[in-house]
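Text of final-v2.txt (compact mmCIF, C-alpha atoms and all ligand atoms) as supplied:
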```txt
# COMPACT_ATOMS: atom_id res chain seq x y z
CA MET X 374 -36.35 -45.50 -79.46
CA LEU X 375 -39.57 -47.29 -80.30
CA LYS X 376 -38.94 -47.09 -84.06
CA ASN X 377 -35.56 -48.81 -83.68
CA LYS X 378 -37.10 -51.60 -81.64
CA ILE X 379 -39.86 -52.07 -84.22
CA ASN X 380 -37.39 -52.19 -87.10
CA LYS X 381 -35.22 -54.71 -85.27
CA GLU X 382 -38.17 -56.98 -84.51
CA LEU X 383 -39.37 -56.76 -88.11
CA ASP X 384 -35.86 -57.70 -89.30
CA ASP X 385 -35.86 -60.69 -86.95
CA ILE X 386 -39.25 -61.83 -88.22
CA LYS X 387 -37.99 -61.58 -91.82
CA LYS X 388 -34.73 -63.42 -91.02
CA ASN X 389 -36.75 -66.25 -89.48
CA ASN X 390 -38.94 -66.45 -92.59
CA LEU X 391 -42.03 -65.58 -90.52
CA TYR X 392 -42.86 -62.23 -92.11
CA ARG X 393 -46.57 -61.78 -92.80
CA SER X 394 -47.88 -59.53 -95.54
CA PHE X 395 -51.10 -58.98 -97.47
CA LYS X 396 -52.04 -60.63 -100.67
CA ASN X 397 -54.92 -59.62 -102.90
CA PHE X 398 -57.62 -62.20 -102.69
CA TYR X 399 -60.55 -61.12 -104.80
CA ASN X 400 -63.66 -63.21 -104.55
CA ASP X 401 -64.52 -62.70 -108.20
CA LYS X 402 -61.11 -63.92 -109.26
CA TYR X 403 -60.70 -66.93 -107.04
CA VAL X 404 -64.05 -67.97 -105.66
CA ASP X 405 -66.51 -69.46 -108.08
CA ASN X 406 -69.26 -69.88 -105.61
CA LEU X 407 -72.31 -68.51 -107.33
CA GLU X 408 -74.69 -71.39 -107.71
CA ASN X 409 -74.35 -73.62 -110.78
CA ASN X 410 -70.99 -72.17 -111.61
CA GLU X 411 -69.10 -74.45 -113.98
CA LYS X 412 -65.69 -72.83 -113.66
CA ILE X 413 -62.67 -74.61 -112.26
CA SER X 414 -61.99 -73.48 -108.71
CA LYS X 415 -58.45 -73.04 -107.50
CA ASN X 416 -59.35 -71.51 -104.19
CA PHE X 417 -58.46 -73.84 -101.34
CA SER X 418 -57.99 -71.25 -98.63
CA SER X 419 -61.46 -69.99 -97.91
CA ASN X 420 -63.67 -70.60 -94.89
CA ASP X 421 -66.69 -69.97 -97.09
CA TYR X 422 -67.57 -73.67 -96.71
CA LEU X 423 -71.01 -73.38 -98.31
CA GLY X 424 -70.23 -70.67 -100.85
CA LEU X 425 -72.70 -68.36 -99.14
CA SER X 426 -70.48 -65.26 -99.43
CA ASN X 427 -71.59 -65.07 -103.05
CA ASN X 428 -75.09 -66.41 -102.74
CA ARG X 429 -77.65 -64.49 -104.81
CA GLU X 430 -80.50 -64.85 -102.31
CA ILE X 431 -78.33 -63.43 -99.54
CA LEU X 432 -77.04 -60.62 -101.75
CA ASN X 433 -80.64 -59.70 -102.66
CA VAL X 434 -81.86 -59.45 -99.06
CA ILE X 435 -78.76 -57.44 -98.19
CA LYS X 436 -79.55 -54.95 -100.99
CA ASP X 437 -83.04 -54.61 -99.61
CA ALA X 438 -81.80 -54.09 -96.05
CA LEU X 439 -79.72 -51.10 -97.07
CA LYS X 440 -82.87 -49.10 -96.36
CA TYR X 441 -81.85 -49.37 -92.67
CA GLY X 442 -78.64 -47.49 -93.47
CA SER X 443 -75.00 -48.48 -93.77
CA GLY X 444 -74.16 -48.63 -90.07
CA SER X 445 -75.93 -49.42 -86.83
CA THR X 446 -74.70 -46.16 -85.25
CA GLY X 447 -74.11 -47.47 -81.75
CA SER X 448 -73.74 -50.29 -79.29
CA ARG X 449 -76.72 -52.60 -78.80
CA LEU X 450 -77.43 -50.93 -75.49
CA THR X 451 -77.56 -47.46 -77.05
CA SER X 452 -78.80 -46.80 -80.61
CA GLY X 453 -77.58 -50.00 -82.25
CA ASN X 454 -80.43 -52.44 -81.58
CA ILE X 455 -82.20 -52.63 -84.95
CA ASN X 456 -82.98 -56.08 -86.36
CA HIS X 457 -80.45 -57.88 -84.16
CA GLU X 458 -82.97 -59.59 -81.89
CA GLU X 459 -84.54 -61.25 -84.92
CA LEU X 460 -81.17 -62.82 -85.75
CA GLU X 461 -80.78 -63.93 -82.13
CA LYS X 462 -84.14 -65.71 -82.29
CA THR X 463 -82.99 -67.41 -85.51
CA ILE X 464 -79.70 -68.52 -83.91
CA SER X 465 -81.43 -69.83 -80.76
CA LYS X 466 -83.77 -71.88 -82.92
CA PHE X 467 -80.92 -73.15 -85.09
CA LYS X 468 -78.79 -74.09 -82.08
CA ASP X 469 -81.76 -75.30 -80.05
CA THR X 470 -80.99 -73.07 -77.07
CA GLU X 471 -83.15 -70.73 -75.00
CA SER X 472 -81.30 -67.63 -76.03
CA SER X 473 -78.33 -66.17 -77.90
CA LEU X 474 -76.35 -62.96 -78.31
CA VAL X 475 -74.64 -61.50 -81.38
CA TYR X 476 -71.19 -59.87 -81.19
CA SER X 477 -69.24 -58.00 -83.84
CA SER X 478 -66.95 -60.98 -84.57
CA GLY X 479 -66.11 -64.48 -83.42
CA TYR X 480 -62.92 -63.08 -81.94
CA ALA X 481 -64.87 -60.51 -79.91
CA THR X 482 -67.25 -63.25 -78.76
CA ASN X 483 -64.53 -65.47 -77.33
CA LEU X 484 -62.83 -62.52 -75.71
CA GLY X 485 -66.05 -61.17 -74.23
CA VAL X 486 -67.61 -64.44 -73.08
CA ILE X 487 -64.52 -66.02 -71.51
CA SER X 488 -63.35 -62.85 -69.78
CA ALA X 489 -66.83 -62.14 -68.38
CA LEU X 490 -67.49 -65.65 -67.10
CA CYS X 491 -64.19 -67.06 -65.91
CA ALA X 492 -63.28 -65.20 -62.72
CA LYS X 493 -60.47 -65.16 -60.18
CA LYS X 494 -61.47 -68.23 -58.19
CA ASP X 495 -62.25 -70.30 -61.29
CA LEU X 496 -60.25 -72.82 -63.30
CA ILE X 497 -60.04 -73.00 -67.10
CA LEU X 498 -58.99 -76.20 -68.83
CA SER X 499 -58.13 -75.26 -72.40
CA ASP X 500 -57.09 -77.49 -75.35
CA SER X 501 -53.50 -76.92 -76.52
CA LEU X 502 -54.68 -76.31 -80.11
CA ASN X 503 -57.47 -73.87 -79.32
CA HIS X 504 -57.89 -70.82 -81.53
CA ALA X 505 -56.00 -67.60 -80.69
CA SER X 506 -59.25 -65.84 -79.74
CA ILE X 507 -59.87 -68.45 -77.01
CA ILE X 508 -56.30 -68.10 -75.83
CA ASP X 509 -56.67 -64.32 -75.67
CA GLY X 510 -60.01 -64.63 -73.84
CA CYS X 511 -58.29 -66.88 -71.29
CA LYS X 512 -55.41 -64.42 -70.93
CA LEU X 513 -57.87 -61.62 -70.24
CA SER X 514 -59.73 -63.63 -67.62
CA LYS X 515 -58.39 -63.76 -64.09
CA ALA X 516 -59.04 -67.49 -63.73
CA GLU X 517 -56.29 -70.06 -63.26
CA LYS X 518 -55.48 -71.87 -66.53
CA ILE X 519 -54.31 -75.36 -67.41
CA ILE X 520 -53.57 -76.15 -71.05
CA TYR X 521 -54.34 -79.81 -71.66
CA PRO X 522 -52.75 -81.94 -74.40
CA HIS X 523 -54.82 -81.90 -77.57
CA ARG X 524 -58.12 -83.82 -77.16
CA ASP X 525 -56.79 -85.59 -74.07
CA VAL X 526 -59.90 -86.47 -72.09
CA GLU X 527 -58.03 -88.70 -69.63
CA PHE X 528 -55.72 -85.82 -68.70
CA ILE X 529 -58.76 -83.64 -67.87
CA LYS X 530 -60.45 -86.44 -65.97
CA LYS X 531 -57.44 -86.90 -63.71
CA ILE X 532 -57.51 -83.20 -62.82
CA LEU X 533 -61.24 -83.26 -62.11
CA GLU X 534 -60.87 -86.35 -59.94
CA ASP X 535 -58.29 -84.63 -57.76
CA GLU X 536 -60.79 -83.40 -55.18
CA LYS X 537 -58.27 -81.54 -53.06
CA PHE X 538 -57.04 -79.55 -56.05
CA ILE X 539 -60.47 -78.91 -57.56
CA SER X 540 -62.05 -77.84 -54.27
CA GLN X 541 -60.00 -74.60 -54.41
CA PHE X 542 -62.09 -73.39 -57.35
CA GLU X 543 -65.62 -72.06 -57.51
CA ASN X 544 -66.26 -72.93 -61.15
CA VAL X 545 -64.42 -75.10 -63.64
CA PHE X 546 -64.60 -74.50 -67.40
CA ILE X 547 -63.49 -76.81 -70.21
CA ILE X 548 -62.93 -74.74 -73.35
CA THR X 549 -62.40 -76.22 -76.79
CA ASP X 550 -62.80 -75.62 -80.51
CA GLY X 551 -65.55 -77.92 -81.85
CA VAL X 552 -63.58 -78.43 -85.07
CA PHE X 553 -59.94 -77.40 -84.80
CA SER X 554 -59.24 -74.62 -87.24
CA MET X 555 -55.77 -75.63 -88.40
CA ASP X 556 -56.12 -79.42 -88.11
CA GLY X 557 -59.70 -80.15 -89.08
CA ASP X 558 -60.14 -82.76 -86.36
CA ILE X 559 -63.15 -82.81 -84.06
CA ALA X 560 -63.05 -82.34 -80.28
CA PRO X 561 -64.34 -85.33 -78.25
CA ILE X 562 -67.43 -83.33 -77.30
CA ASP X 563 -69.41 -86.42 -76.21
CA LYS X 564 -66.76 -87.26 -73.61
CA LEU X 565 -66.22 -83.66 -72.53
CA PHE X 566 -69.97 -83.18 -72.16
CA LYS X 567 -70.15 -86.25 -69.95
CA LEU X 568 -67.26 -84.99 -67.79
CA CYS X 569 -68.98 -81.63 -67.40
CA ASN X 570 -72.20 -83.29 -66.30
CA ASP X 571 -70.41 -85.71 -63.94
CA PHE X 572 -68.20 -83.05 -62.33
CA ASN X 573 -70.55 -80.07 -62.64
CA CYS X 574 -68.30 -78.05 -64.94
CA THR X 575 -69.16 -75.78 -67.86
CA LEU X 576 -68.22 -76.71 -71.42
CA ILE X 577 -67.54 -73.82 -73.79
CA VAL X 578 -67.45 -75.01 -77.40
CA ASP X 579 -66.26 -72.66 -80.13
CA ASP X 580 -68.02 -74.08 -83.16
CA ALA X 581 -66.65 -71.61 -85.70
CA HIS X 582 -65.72 -74.44 -88.10
CA GLY X 583 -68.44 -76.91 -87.07
CA THR X 584 -71.52 -74.81 -87.80
CA GLY X 585 -72.82 -75.28 -91.33
CA VAL X 586 -70.40 -78.19 -91.63
CA LEU X 587 -71.17 -80.96 -89.15
CA GLY X 588 -74.36 -82.58 -88.00
CA LYS X 589 -77.79 -82.78 -89.53
CA LYS X 590 -78.57 -79.54 -91.38
CA GLY X 591 -75.18 -78.20 -90.41
CA LYS X 592 -76.25 -77.56 -86.84
CA GLY X 593 -72.75 -78.13 -85.55
CA THR X 594 -70.55 -80.30 -83.41
CA LEU X 595 -73.06 -80.93 -80.62
CA LYS X 596 -75.60 -82.17 -83.13
CA HIS X 597 -72.87 -84.31 -84.73
CA PHE X 598 -72.65 -86.13 -81.38
CA LYS X 599 -76.46 -86.03 -80.99
CA ILE X 600 -76.15 -83.93 -77.85
CA LYS X 601 -78.78 -81.44 -76.74
CA ALA X 602 -77.14 -78.57 -74.90
CA ASN X 603 -78.04 -78.29 -71.23
CA GLU X 604 -77.06 -75.63 -68.69
CA ASN X 605 -73.51 -76.98 -68.58
CA VAL X 606 -72.89 -75.93 -72.19
CA ILE X 607 -72.15 -72.62 -73.87
CA GLN X 608 -71.86 -72.61 -77.66
CA ILE X 609 -69.91 -69.95 -79.50
CA GLY X 610 -70.05 -69.39 -83.23
CA THR X 611 -69.09 -67.06 -86.01
CA LEU X 612 -71.02 -65.70 -88.97
CA SER X 613 -67.79 -65.31 -90.93
CA LYS X 614 -67.22 -68.88 -92.08
CA ALA X 615 -70.04 -71.15 -93.35
CA ASN X 616 -72.51 -68.24 -93.10
CA GLY X 617 -70.31 -66.20 -95.44
CA LEU X 618 -70.73 -62.90 -93.58
CA LEU X 619 -69.27 -61.28 -90.48
CA GLY X 620 -70.01 -61.42 -86.76
CA GLY X 621 -70.02 -63.83 -83.86
CA TYR X 622 -72.50 -65.19 -81.35
CA VAL X 623 -72.98 -67.12 -78.15
CA ALA X 624 -75.93 -69.45 -77.55
CA SER X 625 -76.99 -70.79 -74.15
CA TYR X 626 -79.74 -70.48 -71.51
CA SER X 627 -81.58 -67.19 -70.90
CA GLU X 628 -79.91 -66.08 -67.67
CA MET X 629 -76.48 -66.71 -69.15
CA ILE X 630 -77.26 -64.41 -72.09
CA ASP X 631 -78.76 -61.82 -69.75
CA TYR X 632 -75.56 -61.92 -67.68
CA LEU X 633 -73.39 -61.41 -70.78
CA ILE X 634 -75.51 -58.45 -71.93
CA ASN X 635 -74.70 -56.86 -68.58
CA LYS X 636 -71.10 -57.99 -68.08
CA SER X 637 -69.39 -58.77 -71.38
CA ARG X 638 -67.20 -55.81 -72.28
CA SER X 639 -66.58 -56.60 -75.97
CA PHE X 640 -70.37 -56.74 -76.36
CA ILE X 641 -71.24 -53.65 -74.32
CA TYR X 642 -68.53 -51.28 -75.50
CA SER X 643 -68.58 -51.92 -79.24
CA THR X 644 -70.82 -50.76 -82.08
CA SER X 645 -73.19 -53.49 -83.19
CA LEU X 646 -73.07 -55.04 -86.65
CA PRO X 647 -74.69 -53.12 -89.52
CA PRO X 648 -78.32 -54.11 -90.06
CA TYR X 649 -77.73 -55.40 -93.61
CA VAL X 650 -75.21 -57.93 -92.23
CA ILE X 651 -77.87 -59.05 -89.75
CA THR X 652 -80.47 -59.47 -92.51
CA GLY X 653 -77.96 -61.45 -94.57
CA ALA X 654 -77.17 -63.66 -91.57
CA ILE X 655 -80.84 -64.46 -90.97
CA LYS X 656 -81.12 -65.53 -94.60
CA SER X 657 -77.92 -67.58 -94.39
CA PHE X 658 -79.31 -69.69 -91.51
CA GLU X 659 -82.51 -70.23 -93.48
CA LEU X 660 -80.49 -71.48 -96.46
CA ILE X 661 -78.21 -73.68 -94.35
CA GLU X 662 -81.24 -75.34 -92.82
CA ASN X 663 -83.42 -75.70 -95.88
CA LYS X 664 -81.18 -76.07 -98.94
CA ASP X 665 -78.76 -78.84 -99.79
CA TYR X 666 -75.49 -76.91 -99.36
CA VAL X 667 -74.51 -78.82 -96.23
CA SER X 668 -75.11 -82.24 -97.76
CA LYS X 669 -73.15 -81.15 -100.86
CA LEU X 670 -70.25 -80.15 -98.61
CA GLN X 671 -70.42 -83.40 -96.66
CA LYS X 672 -70.39 -85.33 -99.98
CA ASN X 673 -67.41 -83.31 -101.17
CA VAL X 674 -65.51 -84.18 -97.98
CA LYS X 675 -65.91 -87.88 -98.80
CA ILE X 676 -64.71 -87.30 -102.39
CA ALA X 677 -61.75 -85.18 -101.27
CA ASN X 678 -60.79 -87.77 -98.62
CA LYS X 679 -60.24 -90.36 -101.37
CA ILE X 680 -58.28 -88.03 -103.62
CA PHE X 681 -56.06 -86.39 -101.01
CA SER X 682 -55.30 -89.72 -99.34
CA GLY X 683 -53.41 -90.56 -102.56
CA LEU X 684 -51.01 -87.64 -102.14
CA SER X 685 -47.40 -88.72 -102.35
CA TYR X 686 -46.17 -86.35 -99.63
CA GLY X 687 -47.50 -84.30 -96.75
CA ILE X 688 -50.11 -86.84 -95.95
CA ASN X 689 -47.63 -89.14 -94.17
CA THR X 690 -47.33 -86.70 -91.34
CA TYR X 691 -51.03 -85.99 -91.27
CA ASN X 692 -51.62 -85.95 -87.56
CA PHE X 693 -55.11 -87.35 -87.23
CA GLU X 694 -55.71 -90.36 -85.08
CA ASP X 695 -58.40 -91.47 -87.46
CA ASN X 696 -57.67 -92.43 -91.01
CA TYR X 697 -58.75 -90.50 -94.02
CA ASN X 698 -61.96 -92.42 -94.64
CA LYS X 699 -63.21 -91.21 -91.30
CA HIS X 700 -62.27 -87.59 -91.84
CA GLU X 701 -65.43 -85.47 -91.63
CA THR X 702 -64.51 -81.82 -91.99
CA PRO X 703 -63.48 -79.64 -94.94
CA ILE X 704 -60.09 -78.75 -93.41
CA TYR X 705 -57.04 -80.74 -94.58
CA PRO X 706 -53.70 -79.92 -92.96
CA LEU X 707 -51.05 -80.95 -95.49
CA ILE X 708 -47.92 -80.82 -93.42
CA PHE X 709 -44.91 -79.89 -95.54
CA GLY X 710 -42.69 -78.43 -92.79
CA ASN X 711 -39.86 -76.36 -94.26
CA GLU X 712 -41.21 -76.79 -97.78
CA THR X 713 -44.54 -75.18 -96.93
CA MET X 714 -43.94 -71.61 -98.09
CA LYS X 715 -42.11 -72.71 -101.27
CA MET X 716 -44.97 -75.08 -102.07
CA SER X 717 -47.51 -72.32 -101.40
CA LYS X 718 -45.62 -69.96 -103.77
CA TYR X 719 -45.40 -72.65 -106.45
CA LEU X 720 -49.15 -73.23 -106.26
CA ASP X 721 -49.78 -69.47 -106.22
CA ASN X 722 -47.88 -69.12 -109.51
CA LEU X 723 -50.30 -71.65 -110.98
CA GLY X 724 -53.26 -69.57 -109.79
CA TYR X 725 -54.03 -71.60 -106.68
CA GLN X 726 -54.93 -70.10 -103.35
CA CYS X 727 -53.27 -72.45 -100.89
CA ILE X 728 -52.07 -70.40 -98.00
CA GLY X 729 -49.08 -71.65 -96.01
CA ILE X 730 -49.49 -71.64 -92.23
CA ARG X 731 -46.41 -71.08 -90.06
CA TYR X 732 -45.39 -70.50 -86.47
CA PRO X 733 -46.85 -69.05 -84.27
CA THR X 734 -50.22 -70.08 -85.74
CA VAL X 735 -49.00 -73.71 -85.71
CA ALA X 736 -46.06 -75.32 -83.91
CA ARG X 737 -42.60 -75.17 -85.48
CA GLY X 738 -42.02 -78.29 -87.58
CA SER X 739 -45.72 -78.66 -88.36
CA GLU X 740 -45.90 -75.87 -90.96
CA ARG X 741 -48.63 -76.72 -93.40
CA ILE X 742 -50.80 -75.84 -96.31
CA ARG X 743 -54.25 -75.61 -94.81
CA VAL X 744 -56.39 -76.87 -97.65
CA SER X 745 -60.05 -76.06 -97.11
CA ILE X 746 -62.77 -77.25 -99.42
CA THR X 747 -66.31 -76.00 -100.02
CA SER X 748 -69.64 -77.31 -101.28
CA CYS X 749 -68.87 -75.56 -104.59
CA HIS X 750 -65.74 -77.53 -105.49
CA LYS X 751 -65.96 -80.27 -108.04
CA LYS X 752 -64.11 -83.58 -108.03
CA GLU X 753 -61.82 -82.33 -110.82
CA ASP X 754 -60.74 -79.42 -108.62
CA PHE X 755 -59.41 -81.86 -106.01
CA ILE X 756 -57.75 -84.01 -108.68
CA ASN X 757 -56.07 -80.96 -110.24
CA LEU X 758 -54.73 -79.76 -106.89
CA LYS X 759 -53.44 -83.19 -105.99
CA GLU X 760 -51.64 -83.45 -109.34
CA GLU X 761 -49.96 -80.09 -108.88
CA ILE X 762 -48.78 -80.99 -105.37
CA ASP X 763 -47.45 -84.32 -106.66
CA ASN X 764 -45.65 -82.49 -109.49
CA TYR X 765 -43.97 -80.16 -107.00
CA VAL X 766 -42.86 -83.09 -104.87
CA LYS X 767 -41.43 -84.92 -107.90
CA THR X 768 -39.46 -81.93 -109.11
CA HIS X 769 -38.43 -80.23 -105.85
CA ILE X 770 -38.25 -82.69 -102.97
C1 LIG T 1 -61.98 -71.46 -84.02
C2 LIG T 1 -62.15 -70.01 -84.32
N1 LIG T 1 -62.74 -69.22 -83.42
C3 LIG T 1 -62.92 -67.91 -83.64
C4 LIG T 1 -62.50 -67.33 -84.80
C5 LIG T 1 -62.69 -65.86 -85.00
O1 LIG T 1 -63.84 -65.61 -85.73
P1 LIG T 1 -64.02 -64.26 -86.53
O2 LIG T 1 -63.22 -64.39 -87.78
O3 LIG T 1 -65.49 -64.18 -86.76
O4 LIG T 1 -63.51 -63.16 -85.66
C6 LIG T 1 -61.91 -68.11 -85.79
C7 LIG T 1 -61.52 -67.57 -87.09
O5 LIG T 1 -60.69 -66.90 -87.42
C8 LIG T 1 -61.71 -69.47 -85.54
O6 LIG T 1 -61.09 -70.25 -86.43
```

Take the structure I supplied and represent it as structure tokens, if you would.
Ligand SMILES: Cc1ncc(COP(=O)(O)O)c(C=O)c1O
Amino acid sequence: MLKNKINKELDDIKKNNLYRSFKNFYNDKYVDNLENNEKISKNFSSNDYLGLSNNREILNVIKDALKYGSGSTGSRLTSGNINHEELEKTISKFKDTESSLVYSSGYATNLGVISALCAKKDLILSDSLNHASIIDGCKLSKAEKIIYPHRDVEFIKKILEDEKFISQFENVFIITDGVFSMDGDIAPIDKLFKLCNDFNCTLIVDDAHGTGVLGKKGKGTLKHFKIKANENVIQIGTLSKANGLLGGYVASYSEMIDYLINKSRSFIYSTSLPPYVITGAIKSFELIENKDYVSKLQKNVKIANKIFSGLSYGINTYNFEDNYNKHETPIYPLIFGNETMKMSKYLDNLGYQCIGIRYPTVARGSERIRVSITSCHKKEDFINLKEEIDNYVKTHI
């Protein structure tokens, strides 16, 4: 019976200490992101890198946009095309591409773009630490897949140089996170871009954690490497992280977007985002570009680098090639292995939001507290967290 099977699997998950459950996570309780807030912040688990989920200017335009109604009432190709094209123009300008297309989430974007583009006679080269939504997009596509070791450009190059092997495929795609969501390291986009140009492949970059974070005015990982996207590049993004809202998008050249409008199933067969979300997203790009949130975040990363590099534990196994001074993103994987969930609980009892990340999200043995910082944190917040982690280590490990 199905119920028996489900109960057995749930028991197994619990026995293996991998059971997932909800936790209340109220913004007003844990996120102190309204501008000029002086409160101590103990939230180190949010992707709200610029504090825009509680930004007054965004909240005001959203209130105003409620005049369009609470829902979009249909797919973009039926009744759901309201103010969405205005957001797409904003995104294209922000990403410096000819065109763009908004989906209902970043997850739906990866699923819809990869499955529409990567066909039976194609090859996908995908980083071993890519986000689950990329992995699922690849699974849905009929292309052949090779998972390459994390950030290993030489490995990819060898494959591309094997003419006999490569000649079997019509199109080759390299797919990578721009900033890796659980590790905070940056993909070697400059090298991957060069490979794509040299070997006529397409680079798909999921910049969910790079947009609003890296590059001048938060324009993302390509800008970080001073690369202007050409027709060998497709950029994917989400509105749910630095933009503080909900939704996803793809940005590329016009025919590519036209193709996706006609072929991408998670775009075609899903109700479009509510118009007030779209209005909020347009405002969020304006703020990212014109206010100093991004530079505040980038300054905070430098401050946090110094403080967290003094941690007595967790940092030793920090798996970046680069050292802490060079770290450039707001994601800090503090790898505590078996101690992760106990440490997370200890911090939770002190009012901290420091979510533990386990298998299958990360590999067994690399369980971690994924500390993420925002432009709204203050130096004292990092010092306080570091002290509490050090206290735990002294008393428990
Ligand atoms: C790298 C990456 N891509 C895609 C997604 C999915 O985005 P969304 O939450 O908008 O569905 C996430 C976030 O969960 C992510 O970290």

Atom pair atom CA of X:Lys518 / atom CA of X:Ile630: separation (Å):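 Pair atom CA of X:Lys518 / atom CA of X:Ile630 returns 23.7 Å.
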
Nearest-residue call for X:Thr470, choices X:Arg393, X:Lys601, X:Lys515, X:Lys440, using only C-alpha atoms: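 Of the candidates, the smallest distance to X:Thr470 is held by X:Lys601.
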
Neighbourhood of ligand LIG 1 (chain T) at 8 Å, counting only C-alpha atoms and all ligand atoms, reported as an MDAnalysis selection string: chainID X and resid 477:483 503:507 550:555 579:582 610:614 619:621

Neighbour list for X:Ser643 as a count of residues only, cut-off 9 Å, all atoms listed in the file, skip fewer than 5 positions in-chain: 6

Å distance separating atom CA of X:Tyr441 from atom CA of X:Leu618, one decimal place: 17.5 Å
